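> Pasting model-v4.tsv here (TSV, C-alpha atoms):
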chain	number	residue	atom	x	y	z
A	1349	MET	CA	-10.84	15.82	-5.30
A	1350	CYS	CA	-7.13	14.96	-5.07
A	1351	ASN	CA	-4.20	16.99	-6.30
A	1352	MET	CA	-0.50	16.47	-6.69
A	1353	ASN	CA	0.57	17.53	-3.22
A	1354	ASN	CA	3.86	16.82	-1.51
A	1355	LEU	CA	4.15	13.34	-0.03
A	1356	LYS	CA	4.82	13.45	3.71
A	1357	ILE	CA	6.52	10.37	5.19
A	1358	GLY	CA	7.00	11.13	8.88
A	1359	ASN	CA	9.34	14.13	8.96
A	1360	LEU	CA	10.39	13.62	5.32
A	1361	THR	CA	8.69	15.45	2.46
A	1362	ALA	CA	8.93	14.40	-1.19
A	1363	ARG	CA	8.02	17.25	-3.54
A	1364	LEU	CA	6.09	14.79	-5.73
A	1365	PRO	CA	4.02	11.78	-4.59
A	1366	ILE	CA	5.97	9.43	-6.86
A	1367	ILE	CA	8.02	6.52	-5.52
A	1368	GLN	CA	10.26	4.61	-7.92
A	1369	GLY	CA	9.81	0.92	-7.17
A	1370	GLY	CA	12.81	-1.22	-6.27
A	1371	MET	CA	13.86	-3.52	-9.12
A	1372	GLY	CA	16.43	-6.28	-8.78
A	1373	VAL	CA	18.87	-7.63	-9.65
A	1374	GLY	CA	20.69	-4.36	-10.32
A	1375	ILE	CA	17.95	-2.59	-12.28
A	1376	SER	CA	17.49	0.16	-9.69
A	1377	LEU	CA	20.75	1.05	-7.99
A	1378	SER	CA	22.19	4.47	-7.11
A	1379	GLY	CA	21.99	5.74	-10.71
A	1380	LEU	CA	18.23	5.48	-11.09
A	1381	ALA	CA	17.42	6.13	-7.42
A	1382	SER	CA	19.39	9.38	-7.27
A	1383	ALA	CA	17.91	10.62	-10.57
A	1384	VAL	CA	14.34	10.10	-9.32
A	1385	ALA	CA	15.18	11.71	-5.96
A	1386	ASN	CA	16.66	14.72	-7.78
A	1387	GLU	CA	13.37	15.23	-9.62
A	1388	GLY	CA	11.42	15.37	-6.35
A	1389	GLY	CA	10.29	11.74	-6.09
A	1390	VAL	CA	11.54	8.93	-3.85
A	1391	GLY	CA	14.38	6.93	-5.39
A	1392	VAL	CA	14.76	3.28	-4.36
A	1393	ILE	CA	17.79	0.96	-4.48
A	1394	SER	CA	17.03	-2.76	-4.75
A	1395	CYS	CA	19.38	-4.88	-2.65
A	1396	ALA	CA	18.32	-8.23	-4.16
A	1397	GLY	CA	21.38	-10.00	-5.56
A	1398	ILE	CA	23.60	-6.97	-5.01
A	1399	GLY	CA	26.37	-9.28	-3.82
A	1400	LEU	CA	26.77	-10.61	-7.36
A	1401	ILE	CA	27.39	-7.10	-8.69
A	1402	TYR	CA	29.93	-6.48	-5.89
A	1403	ARG	CA	31.37	-9.98	-5.74
A	1404	ASN	CA	34.97	-8.74	-6.07
A	1405	THR	CA	34.70	-6.62	-2.91
A	1406	ALA	CA	34.46	-9.41	-0.33
A	1407	LYS	CA	35.40	-12.99	0.47
A	1408	ASP	CA	31.88	-14.35	0.03
A	1409	TYR	CA	28.46	-13.50	-1.38
A	1410	MET	CA	26.83	-12.43	1.90
A	1411	GLU	CA	29.70	-10.10	2.77
A	1412	ALA	CA	29.58	-8.68	-0.77
A	1413	CYS	CA	25.86	-7.90	-0.32
A	1414	ILE	CA	26.66	-5.76	2.72
A	1415	CYS	CA	29.54	-3.99	0.94
A	1416	GLY	CA	27.40	-3.47	-2.16
A	1417	LEU	CA	24.41	-2.01	-0.38
A	1418	ARG	CA	26.61	0.28	1.70
A	1419	GLU	CA	28.35	1.51	-1.46
A	1420	GLU	CA	25.12	2.10	-3.40
A	1421	ILE	CA	23.50	4.07	-0.56
A	1422	ARG	CA	26.62	6.23	-0.27
A	1423	LYS	CA	26.78	6.79	-4.04
A	1424	ALA	CA	23.10	7.75	-4.19
A	1425	LYS	CA	23.51	10.21	-1.32
A	1426	GLU	CA	26.52	11.78	-3.04
A	1427	LYS	CA	24.50	12.30	-6.23
A	1428	SER	CA	21.30	13.52	-4.56
A	1429	SER	CA	20.06	15.42	-1.53
A	1430	GLY	CA	16.60	13.94	-2.16
A	1431	ILE	CA	14.92	10.93	-0.52
A	1432	ILE	CA	16.67	7.58	-1.02
A	1433	GLY	CA	15.04	4.30	-0.02
A	1434	VAL	CA	16.06	0.64	-0.11
A	1435	ASN	CA	13.84	-2.27	-1.16
A	1436	ILE	CA	14.51	-5.44	0.84
A	1437	MET	CA	12.65	-8.68	0.11
A	1438	MET	CA	11.55	-10.75	3.09
A	1439	ALA	CA	12.45	-13.87	1.09
A	1440	LEU	CA	16.17	-13.02	1.24
A	1441	THR	CA	18.22	-15.14	3.63
A	1442	ASN	CA	20.25	-12.03	4.50
A	1443	PHE	CA	17.17	-9.85	5.14
A	1444	SER	CA	18.41	-8.88	8.62
A	1445	ASP	CA	21.90	-7.95	7.34
A	1446	MET	CA	20.39	-5.79	4.62
A	1447	VAL	CA	18.04	-4.04	7.08
A	1448	LYS	CA	20.89	-3.39	9.55
A	1449	THR	CA	23.09	-2.03	6.74
A	1450	ALA	CA	20.35	0.28	5.42
A	1451	ILE	CA	19.71	1.63	8.93
A	1452	SER	CA	23.40	2.11	9.76
A	1453	GLU	CA	23.93	3.96	6.45
A	1454	LYS	CA	20.93	6.14	7.29
A	1455	ALA	CA	18.88	5.24	4.23
A	1456	ASP	CA	15.75	7.39	4.37
A	1457	ILE	CA	13.29	4.51	3.98
A	1458	ILE	CA	13.20	0.70	3.97
A	1459	PHE	CA	10.50	-0.84	1.76
A	1460	ALA	CA	9.97	-4.48	2.78
A	1461	GLY	CA	7.91	-6.89	0.68
A	1462	ALA	CA	7.77	-10.44	-0.75
A	1463	GLY	CA	6.34	-11.58	2.59
A	1464	LEU	CA	5.00	-9.77	5.65
A	1465	PRO	CA	7.77	-7.90	7.54
A	1466	MET	CA	6.34	-8.64	10.99
A	1467	ASP	CA	9.46	-7.83	12.99
A	1468	LEU	CA	10.99	-5.01	10.91
A	1469	PRO	CA	10.87	-2.41	13.77
A	1470	LYS	CA	13.03	-4.59	16.02
A	1471	TYR	CA	16.07	-3.55	13.95
A	1472	ARG	CA	15.69	0.13	14.86
A	1473	THR	CA	18.65	1.55	16.77
A	1474	PRO	CA	18.60	4.51	19.20
A	1475	ASP	CA	19.86	6.84	16.45
A	1476	CYS	CA	17.72	5.30	13.68
A	1477	VAL	CA	16.34	7.85	11.18
A	1478	THR	CA	15.15	5.28	8.62
A	1479	LYS	CA	11.41	5.13	7.94
A	1480	LEU	CA	9.83	1.65	7.78
A	1481	VAL	CA	7.37	0.78	5.03
A	1482	PRO	CA	5.65	-2.57	4.45
A	1483	ILE	CA	4.53	-3.60	0.97
A	1484	VAL	CA	1.17	-5.38	1.23
A	1485	SER	CA	-1.42	-6.83	-1.13
A	1486	SER	CA	-4.54	-6.71	1.07
A	1487	ALA	CA	-6.30	-4.69	3.78
A	1488	ARG	CA	-5.95	-7.68	6.11
A	1489	ALA	CA	-2.16	-7.68	5.72
A	1490	ALA	CA	-2.06	-3.93	6.42
A	1491	ARG	CA	-4.13	-4.42	9.58
A	1492	ILE	CA	-2.02	-7.34	10.85
A	1493	ILE	CA	1.21	-5.36	10.40
A	1494	CYS	CA	-0.18	-2.23	12.09
A	1495	GLU	CA	-1.44	-4.30	15.04
A	1496	LYS	CA	1.76	-6.33	15.43
A	1497	TRP	CA	4.12	-3.38	15.11
A	1498	LYS	CA	2.14	-1.27	17.57
A	1499	THR	CA	1.72	-4.09	20.11
A	1500	LEU	CA	5.28	-5.42	19.98
A	1501	TYR	CA	7.32	-2.33	19.17
A	1502	ASP	CA	5.04	0.67	19.80
A	1503	TYR	CA	5.66	1.66	16.17
A	1504	LEU	CA	3.36	2.16	13.20
A	1505	PRO	CA	4.33	2.08	9.50
A	1506	ASP	CA	5.48	5.45	8.22
A	1507	LEU	CA	3.71	4.66	4.94
A	1508	VAL	CA	2.05	1.60	3.39
A	1509	VAL	CA	2.58	0.49	-0.22
A	1510	VAL	CA	-0.28	-1.54	-1.68
A	1511	GLU	CA	0.96	-3.60	-4.62
A	1512	GLY	CA	-1.80	-4.85	-6.91
A	1513	PRO	CA	-1.74	-7.85	-9.25
A	1514	ARG	CA	-0.63	-5.86	-12.32
A	1515	ALA	CA	2.85	-5.23	-10.91
A	1516	GLY	CA	6.05	-6.61	-12.38
A	1517	GLY	CA	8.19	-9.11	-10.54
A	1518	HIS	CA	6.86	-11.14	-7.63
A	1519	LEU	CA	3.17	-10.89	-6.88
A	1520	GLY	CA	1.49	-11.44	-3.51
A	1521	PHE	CA	-1.48	-13.17	-5.12
A	1522	LYS	CA	-2.53	-16.67	-6.10
A	1523	PRO	CA	-2.52	-17.27	-9.87
A	1524	ASN	CA	-6.36	-17.30	-10.01
A	1525	GLN	CA	-6.52	-13.89	-8.25
A	1526	ILE	CA	-4.34	-12.01	-10.73
A	1527	ASP	CA	-7.15	-11.28	-13.22
A	1528	ASP	CA	-9.97	-11.31	-10.67
A	1529	PRO	CA	-11.58	-7.83	-10.39
A	1530	ASP	CA	-12.00	-8.38	-6.63
A	1531	PHE	CA	-8.22	-8.13	-6.25
A	1532	ALA	CA	-7.66	-5.17	-8.60
A	1533	ILE	CA	-5.69	-2.23	-7.20
A	1534	GLU	CA	-8.78	-0.04	-7.66
A	1535	LYS	CA	-10.59	-2.33	-5.19
A	1536	LEU	CA	-7.66	-2.74	-2.79
A	1537	ILE	CA	-6.82	0.93	-2.27
A	1538	PRO	CA	-10.13	2.01	-0.65
A	1539	GLU	CA	-10.06	-1.13	1.52
A	1540	VAL	CA	-6.52	-0.47	2.77
A	1541	VAL	CA	-7.16	3.27	3.25
A	1542	LYS	CA	-10.20	2.42	5.40
A	1543	GLU	CA	-8.23	-0.10	7.49
A	1544	VAL	CA	-5.22	2.18	7.98
A	1545	SER	CA	-7.44	5.18	8.87
A	1546	LEU	CA	-8.53	3.35	12.04
A	1547	PHE	CA	-4.91	3.36	13.26
A	1548	GLU	CA	-4.37	6.95	12.11
A	1549	GLU	CA	-7.34	8.12	14.18
A	1550	LYS	CA	-6.58	5.97	17.21
A	1551	TYR	CA	-2.91	6.97	17.45
A	1552	ASN	CA	-3.07	10.42	15.81
A	1553	GLN	CA	-0.46	9.53	13.22
A	1554	GLU	CA	-0.67	9.99	9.47
A	1555	ILE	CA	0.04	6.81	7.47
A	1556	PRO	CA	-0.10	7.57	3.72
A	1557	VAL	CA	-1.24	4.72	1.47
A	1558	ILE	CA	0.57	4.36	-1.87
A	1559	ALA	CA	-0.73	2.45	-4.90
A	1560	ALA	CA	1.58	0.23	-6.96
A	1561	GLY	CA	1.25	-2.15	-9.88
A	1562	GLY	CA	0.31	-1.29	-13.46
A	1563	ILE	CA	0.38	2.48	-12.94
A	1564	TYR	CA	2.06	3.96	-16.00
A	1565	THR	CA	0.59	7.35	-16.92
A	1566	GLY	CA	-0.37	10.59	-15.22
A	1567	GLU	CA	-4.01	9.66	-15.84
A	1568	ASP	CA	-3.47	6.31	-14.06
A	1569	MET	CA	-1.95	8.23	-11.19
A	1570	TYR	CA	-4.81	10.72	-11.00
A	1571	ASN	CA	-7.47	7.99	-11.12
A	1572	ILE	CA	-5.97	5.88	-8.34
A	1573	MET	CA	-5.38	8.92	-6.12
A	1574	GLN	CA	-9.08	9.72	-6.48
A	1575	LEU	CA	-9.70	6.46	-4.61
A	1576	GLY	CA	-7.69	7.54	-1.57
A	1577	ALA	CA	-4.04	6.81	-2.44
A	1578	LYS	CA	-1.70	9.63	-1.40
A	1579	GLY	CA	0.70	8.77	-4.21
A	1580	VAL	CA	1.98	6.02	-6.49
A	1581	GLN	CA	4.88	3.64	-6.85
A	1582	ILE	CA	6.03	3.27	-10.45
A	1583	SER	CA	8.70	0.82	-11.60
A	1584	SER	CA	8.51	-0.36	-15.22
A	1585	ARG	CA	8.25	3.13	-16.66
A	1586	PHE	CA	11.67	4.03	-15.24
A	1587	VAL	CA	13.42	1.03	-16.84
A	1588	THR	CA	13.61	2.70	-20.26
A	1589	THR	CA	15.59	5.69	-18.99
A	1590	ASN	CA	19.22	6.64	-19.50
A	1591	GLU	CA	19.67	6.63	-15.74
A	1592	CYS	CA	18.33	3.11	-15.15
A	1593	ASP	CA	21.23	0.93	-13.97
A	1594	ALA	CA	20.46	-2.02	-16.28
A	1595	ASN	CA	22.31	-2.86	-19.50
A	1596	ILE	CA	20.88	-1.38	-22.73
A	1597	ASN	CA	19.80	-4.87	-23.90
A	1598	PHE	CA	17.55	-5.15	-20.83
A	1599	LYS	CA	15.97	-1.78	-21.65
A	1600	LYS	CA	15.54	-2.74	-25.31
A	1601	SER	CA	13.59	-5.86	-24.28
A	1602	TYR	CA	10.90	-3.49	-22.97
A	1603	ILE	CA	10.92	-1.37	-26.11
A	1604	LYS	CA	10.66	-4.41	-28.40
A	1605	ALA	CA	7.87	-6.01	-26.33
A	1606	VAL	CA	4.23	-6.17	-27.43
A	1607	GLU	CA	1.28	-6.73	-25.11
A	1608	ASN	CA	1.30	-10.52	-25.59
A	1609	ASP	CA	4.93	-10.70	-24.45
A	1610	VAL	CA	3.97	-9.90	-20.84
A	1611	GLU	CA	3.30	-13.23	-19.10
A	1612	ILE	CA	2.81	-14.73	-15.65
A	1613	ILE	CA	5.53	-17.16	-14.61
A	1614	LYS	CA	6.11	-19.36	-11.59
A	1615	SER	CA	9.18	-18.05	-9.78
A	1616	PRO	CA	11.62	-20.14	-7.72
A	1617	VAL	CA	10.79	-17.71	-4.90
A	1618	GLY	CA	7.47	-19.59	-4.69
A	1619	MET	CA	5.27	-16.74	-5.92
A	1620	PRO	CA	3.80	-15.95	-9.32
A	1621	GLY	CA	5.78	-13.31	-11.21
A	1622	ARG	CA	5.17	-11.09	-14.23
A	1623	ALA	CA	7.92	-11.05	-16.85
A	1624	LEU	CA	8.60	-10.63	-20.56
A	1625	LYS	CA	8.65	-13.73	-22.77
A	1626	GLY	CA	12.00	-14.69	-24.18
A	1627	GLU	CA	14.42	-17.44	-25.13
A	1628	PHE	CA	15.38	-18.27	-21.54
A	1629	LEU	CA	11.81	-18.68	-20.30
A	1630	GLU	CA	11.08	-20.92	-23.28
A	1631	ARG	CA	13.98	-23.13	-22.20
A	1632	VAL	CA	12.59	-23.16	-18.64
A	1633	LYS	CA	9.28	-24.50	-20.00
A	1634	LEU	CA	11.20	-27.28	-21.75
A	1635	GLY	CA	13.03	-28.20	-18.53
A	1636	LEU	CA	16.45	-27.26	-19.90
A	1637	THR	CA	17.64	-24.93	-17.14
A	1638	ARG	CA	18.12	-27.07	-14.04
A	1639	PRO	CA	20.70	-25.70	-11.56
A	1640	LYS	CA	23.48	-28.11	-10.51
A	1641	SER	CA	24.16	-26.46	-7.15
A	1642	CYS	CA	23.25	-23.47	-4.96
A	1643	PRO	CA	26.30	-21.19	-4.78
A	1644	TYR	CA	24.61	-18.23	-3.06
A	1645	ASN	CA	21.93	-19.56	-0.68
A	1646	CYS	CA	20.14	-16.24	-1.23
A	1647	LEU	CA	16.48	-17.19	-0.70
A	1648	HIS	CA	14.65	-18.93	2.15
A	1649	THR	CA	12.13	-20.40	-0.26
A	1650	CYS	CA	14.48	-21.89	-2.86
A	1651	ASP	CA	15.71	-25.50	-3.05
A	1652	TYR	CA	18.07	-25.98	-6.01
A	1653	LYS	CA	17.12	-29.67	-6.24
A	1654	VAL	CA	13.52	-28.69	-7.03
A	1655	VAL	CA	13.52	-25.28	-8.76
A	1656	PRO	CA	13.93	-25.02	-12.54
A	1657	TYR	CA	16.71	-22.37	-12.41
A	1658	CYS	CA	18.74	-20.11	-10.11
A	1659	ILE	CA	16.73	-16.90	-10.06
A	1660	ILE	CA	19.45	-14.63	-8.68
A	1661	LEU	CA	21.94	-15.66	-11.38
A	1662	THR	CA	19.25	-15.46	-14.06
A	1663	LEU	CA	18.27	-11.90	-13.09
A	1664	TYR	CA	21.94	-10.93	-12.83
A	1665	ASN	CA	22.47	-12.18	-16.41
A	1666	ALA	CA	19.55	-10.03	-17.55
A	1667	TYR	CA	20.93	-6.96	-15.72
A	1668	LYS	CA	24.22	-7.49	-17.59
A	1669	GLY	CA	22.31	-7.68	-20.90
A	1670	ASN	CA	22.69	-11.45	-21.47
A	1671	MET	CA	19.00	-11.86	-22.27
A	1672	ASN	CA	19.44	-15.39	-23.67
A	1673	LYS	CA	20.50	-16.45	-20.14
A	1674	GLY	CA	17.98	-14.34	-18.24
A	1675	TYR	CA	14.69	-12.48	-18.44
A	1676	ALA	CA	13.18	-9.14	-17.54
A	1677	PHE	CA	10.51	-8.79	-14.88
A	1678	ALA	CA	7.97	-6.22	-16.06
A	1679	GLY	CA	4.66	-4.68	-15.08
A	1680	SER	CA	1.49	-5.20	-17.12
A	1681	ASN	CA	2.05	-1.96	-19.10
A	1682	ALA	CA	5.79	-2.32	-19.73
A	1683	TYR	CA	5.17	-2.94	-23.45
A	1684	LEU	CA	4.00	0.70	-23.81
A	1685	ALA	CA	7.62	1.92	-23.78
A	1686	THR	CA	8.74	3.10	-27.23
A	1687	LYS	CA	12.14	4.75	-26.63
A	1688	ILE	CA	14.91	5.39	-24.13
A	1689	THR	CA	14.31	8.71	-22.42
A	1690	SER	CA	15.35	10.51	-19.23
A	1691	VAL	CA	13.94	10.33	-15.70
A	1692	LYS	CA	13.17	14.05	-15.93
A	1693	GLU	CA	11.11	13.58	-19.10
A	1694	ILE	CA	9.11	10.76	-17.50
A	1695	ILE	CA	8.41	12.71	-14.31
A	1696	ASP	CA	7.45	15.80	-16.34
A	1697	ASP	CA	5.11	13.68	-18.46
A	1698	LEU	CA	3.48	12.12	-15.38
A	1699	VAL	CA	2.90	15.57	-13.84
A	1700	LEU	CA	1.58	17.03	-17.13
A	1701	HIS	CA	-0.96	14.24	-17.69
A	1702	PHE	CA	-1.97	14.17	-14.03
A	1703	LYS	CA	-2.82	17.88	-14.25
A	1704	LYS	CA	-4.58	17.36	-17.56
A	1705	ALA	CA	-6.78	14.61	-16.04
A	1706	GLU	CA	-7.46	16.85	-13.06
A	1707	LYS	CA	-8.59	19.74	-15.30
A	1708	GLU	CA	-10.84	17.44	-17.34
A	1709	ALA	CA	-12.44	16.12	-14.15
A	1710	ILE	CA	-13.19	19.67	-12.94
A	1711	ALA	CA	-14.59	20.65	-16.34
Mind turning this structure into structure tokens?


Amino acid sequence: MCNMNNLKIGNLTARLPIIQGGMGVGISLSGLASAVANEGGVGVISCAGIGLIYRNTAKDYMEACICGLREEIRKAKEKSSGIIGVNIMMALTNFSDMVKTAISEKADIIFAGAGLPMDLPKYRTPDCVTKLVPIVSSARAARIICEKWKTLYDYLPDLVVVEGPRAGGHLGFKPNQIDDPDFAIEKLIPEVVKEVSLFEEKYNQEIPVIAAGGIYTGEDMYNIMQLGAKGVQISSRFVTTNECDANINFKKSYIKAVENDVEIIKSPVGMPGRALKGEFLERVKLGLTRPKSCPYNCLHTCDYKVVPYCIILTLYNAYKGNMNKGYAFAGSNAYLATKITSVKEIIDDLVLHFKKAEKEAIA
């Protein structure tokens, strides 16, 4: 039987085992992250494309990314004494700059996904307080990272996030795996917990496993924690809050959406992604969105001569509310949102329905 205990991440303790997932470009910055942290969860700033938001602060995009991330971490820490993390995609060309900036600004946690962060611990400095967390999509990936980190750096993950195929944004699965029950989060969690437990026992270190992707309600949270997860990462549910950093038009796209609007797309990052249908994605399908150049060189995996659009600019447009020139990434349950609410109301609702599910299970 699980219950809603504190979430221990090394020497950090979150009052609630709820991590707000990082959402870029600009969807989760200091506003949303600090609000979640203030309610006892872990707030997460996404650094993807942050240089576009801060482009007036520096001479070029890469420099603006560093300035922007530094500023957002500082803002979040001013607004909250809770736990603030940073989400950094492996696919970013400035991954190392973003990691170094997060560590120097003493972000509490780095969450690294969209690829396996094999060398993340090498960036630790003598005074580093930042916890390191890989985002994985299989037990094998969790094992490989634990082995590599321990062998090369004598370091184990402080926590492992397992992102299933119902997540929003980029997915670490092949298109034919997304609806395959063998890859469902309910199947992955026990497998990863079992794999990670071998390292916990061998090295006498607790490594909590967190479930992500498609978790929307307190009941969802209770059910997945019954399978061994120590907590959950939730993203889409926090989009339709006052504190979310996105433009109101972005939030309204969630509220207007119906179940059929959530679709799988092929992202220029080279991975499948889950997003909401819209005018821009229809134009993509018609081949009307070809980029003429690559002004930002933001992704390792992107070649502007081949990809159908510039993803960083497209997501920036969506963040600004220009939904005809962009689209919203969204988890499989994003269409369930009916109104704009507050982070506090969402957290309270998650806790209430978790406890309700717990009581029903006991009865």

> Just the number, please: distance in Å from CA of Asn1595 (chain A) to CA of Arg1622 (chain A), one decimal.

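A separation of 19.7 Å between them.
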
> Can you measure CA of Cys1646 (chain A) to CA of Glu1453 (chain A) for me? One decimal in Å is fine.

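For CA of Cys1646 (chain A) relative to CA of Glu1453 (chain A), the distance reads 21.9 Å.
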
> Which residues are near Ser1601 (chain A)? Cut-off 9 Å, only C-alpha atoms, ignore same chain within fewer than 4 positions. Put them as a list of chain:residue names.

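Contacts, in chain order: A:Ile1596, A:Asn1597, A:Ala1605, A:Leu1624, A:Gly1626, A:Met1671, A:Tyr1675, A:Ala1676, A:Tyr1683.
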
> Filtering to C-alpha atoms, could you give me those residues as an mmCIF file, in the frame of the given file?


data_model
loop_
_atom_site.group_PDB
_atom_site.id
_atom_site.type_symbol
_atom_site.label_atom_id
_atom_site.label_comp_id
_atom_site.auth_asym_id
_atom_site.auth_seq_id
_atom_site.Cartn_x
_atom_site.Cartn_y
_atom_site.Cartn_z
ATOM 1 C CA ILE A 1596 20.880 -1.380 -22.730
ATOM 2 C CA ASN A 1597 19.800 -4.870 -23.900
ATOM 3 C CA ALA A 1605 7.870 -6.010 -26.330
ATOM 4 C CA LEU A 1624 8.600 -10.630 -20.560
ATOM 5 C CA GLY A 1626 12.000 -14.690 -24.180
ATOM 6 C CA MET A 1671 19.000 -11.860 -22.270
ATOM 7 C CA TYR A 1675 14.690 -12.480 -18.440
ATOM 8 C CA ALA A 1676 13.180 -9.140 -17.540
ATOM 9 C CA TYR A 1683 5.170 -2.940 -23.450
#

> Determine, for each residue of region 1442-1541 of chain A having at least one atom at most 8 Å from an atom of region 1353-1361 of chain A, the closest pair of atoms and their separation in Å to one decimal, counting all atoms listed in the file; order by chain and ascending number, as a Markdown table.


| residue | atom | partner | partner_atom | distance |
| --- | --- | --- | --- | --- |
| A:Lys1479 | CA | A:Gly1358 | CA | 7.5 |
| A:Asp1506 | CA | A:Ile1357 | CA | 5.9 |
| A:Leu1507 | CA | A:Ile1357 | CA | 6.4 |

> Set the distance at 6 Å and use all atoms listed in the file: which residues neighbour region 1580-1592 of chain A once local chain neighbours fewer than 4 positions away are removed? I'd like the list as a list of chain:residue names.

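These residues fall inside the cut-off: A:Ile1366, A:Ile1367, A:Gln1368, A:Gly1369, A:Gly1379, A:Leu1380, A:Ile1558, A:Ala1559, A:Ala1560, A:Lys1599, A:Ala1678, A:Gly1679, A:Ala1682, A:Ile1688, A:Thr1689, A:Ser1690, A:Val1691.
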
> Can I get the selection written as an mmCIF file, in the coordinates of the input, with C-alpha atoms?


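Contents of again.cif, freshly written:
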data_model
loop_
_atom_site.group_PDB
_atom_site.id
_atom_site.type_symbol
_atom_site.label_atom_id
_atom_site.label_comp_id
_atom_site.auth_asym_id
_atom_site.auth_seq_id
_atom_site.Cartn_x
_atom_site.Cartn_y
_atom_site.Cartn_z
ATOM 1 C CA ILE A 1366 5.970 9.430 -6.860
ATOM 2 C CA ILE A 1367 8.020 6.520 -5.520
ATOM 3 C CA GLN A 1368 10.260 4.610 -7.920
ATOM 4 C CA GLY A 1369 9.810 0.920 -7.170
ATOM 5 C CA GLY A 1379 21.990 5.740 -10.710
ATOM 6 C CA LEU A 1380 18.230 5.480 -11.090
ATOM 7 C CA ILE A 1558 0.570 4.360 -1.870
ATOM 8 C CA ALA A 1559 -0.730 2.450 -4.900
ATOM 9 C CA ALA A 1560 1.580 0.230 -6.960
ATOM 10 C CA LYS A 1599 15.970 -1.780 -21.650
ATOM 11 C CA ALA A 1678 7.970 -6.220 -16.060
ATOM 12 C CA GLY A 1679 4.660 -4.680 -15.080
ATOM 13 C CA ALA A 1682 5.790 -2.320 -19.730
ATOM 14 C CA ILE A 1688 14.910 5.390 -24.130
ATOM 15 C CA THR A 1689 14.310 8.710 -22.420
ATOM 16 C CA SER A 1690 15.350 10.510 -19.230
ATOM 17 C CA VAL A 1691 13.940 10.330 -15.700
#

> Mind checking which residues fall within 10 Å of Glu1511 (chain A), counting only C-alpha atoms, ignoring those fewer than 5 positions away in the same chain, and posting them as a list in words?

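Non-adjacent residues within range: Gly1461, Ile1483, Val1484, Ser1485, Ser1486, Gly1516, Leu1519, Gly1520, Phe1521, Ala1532, Ile1533, Leu1536, Ile1537, Ile1558, Ala1559, Ala1560, Gly1561, Gly1562, Val1580 and Gln1581 of chain A.
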
> So how far away is CA of Lys1448 (chain A) from CA of Ala1396 (chain A), in Å?

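About the pair CA of Ala1396 (chain A) and CA of Lys1448 (chain A): they are 14.8 Å apart.
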
> Could you name the residues that touch Asp1475 (chain A) at 12 Å or less, counting all atoms listed in the file, but leaving out those on the same chain fewer than 3 positions away, as a PDB file with C-alpha atoms, keeping the file's coordinate frame?


ATOM      1  CA  ILE A1451      19.710   1.630   8.930  1.00  0.00           C
ATOM      2  CA  SER A1452      23.400   2.110   9.760  1.00  0.00           C
ATOM      3  CA  GLU A1453      23.930   3.960   6.450  1.00  0.00           C
ATOM      4  CA  LYS A1454      20.930   6.140   7.290  1.00  0.00           C
ATOM      5  CA  TYR A1471      16.070  -3.550  13.950  1.00  0.00           C
ATOM      6  CA  ARG A1472      15.690   0.130  14.860  1.00  0.00           C
ATOM      7  CA  THR A1478      15.150   5.280   8.620  1.00  0.00           C
TER       8      THR A1478
END

> Measuring between all atoms listed in the file, which one of A:Pro1465, A:Gly1370, A:Gly1388, A:Gly1416 shows the shortest distance to Asn1435 (chain A)?

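That would be A:Gly1370, the residue with the smallest distance to Asn1435 (chain A).
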
> Once you add 4 Å to each side, what are the centre and edge lengths of the axis-aligned box holding all listed atoms of region 1618-1629 of chain A? One decimal in Å, as AutoDock Vina command-line options, if you can.


--center_x 9.6 --center_y -15.1 --center_z -14.9 --size_x 19.6 --size_y 17.0 --size_z 28.4

> Under the rule that all atoms listed in the file are counted, which of A:Leu1634, A:Cys1658, A:Leu1629, A:Ala1412 is the nearest residue to Ile1612 (chain A)?

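Checking each candidate against Ile1612 (chain A), we get A:Leu1629 as the closest.
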
> Counting all atoms listed in the file, which of A:Ile1603, A:Cys1415, A:Thr1662, A:Leu1504 gets nearest to Asp1445 (chain A)?

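Ranked by minimum distance to Asp1445 (chain A), first place goes to A:Cys1415.
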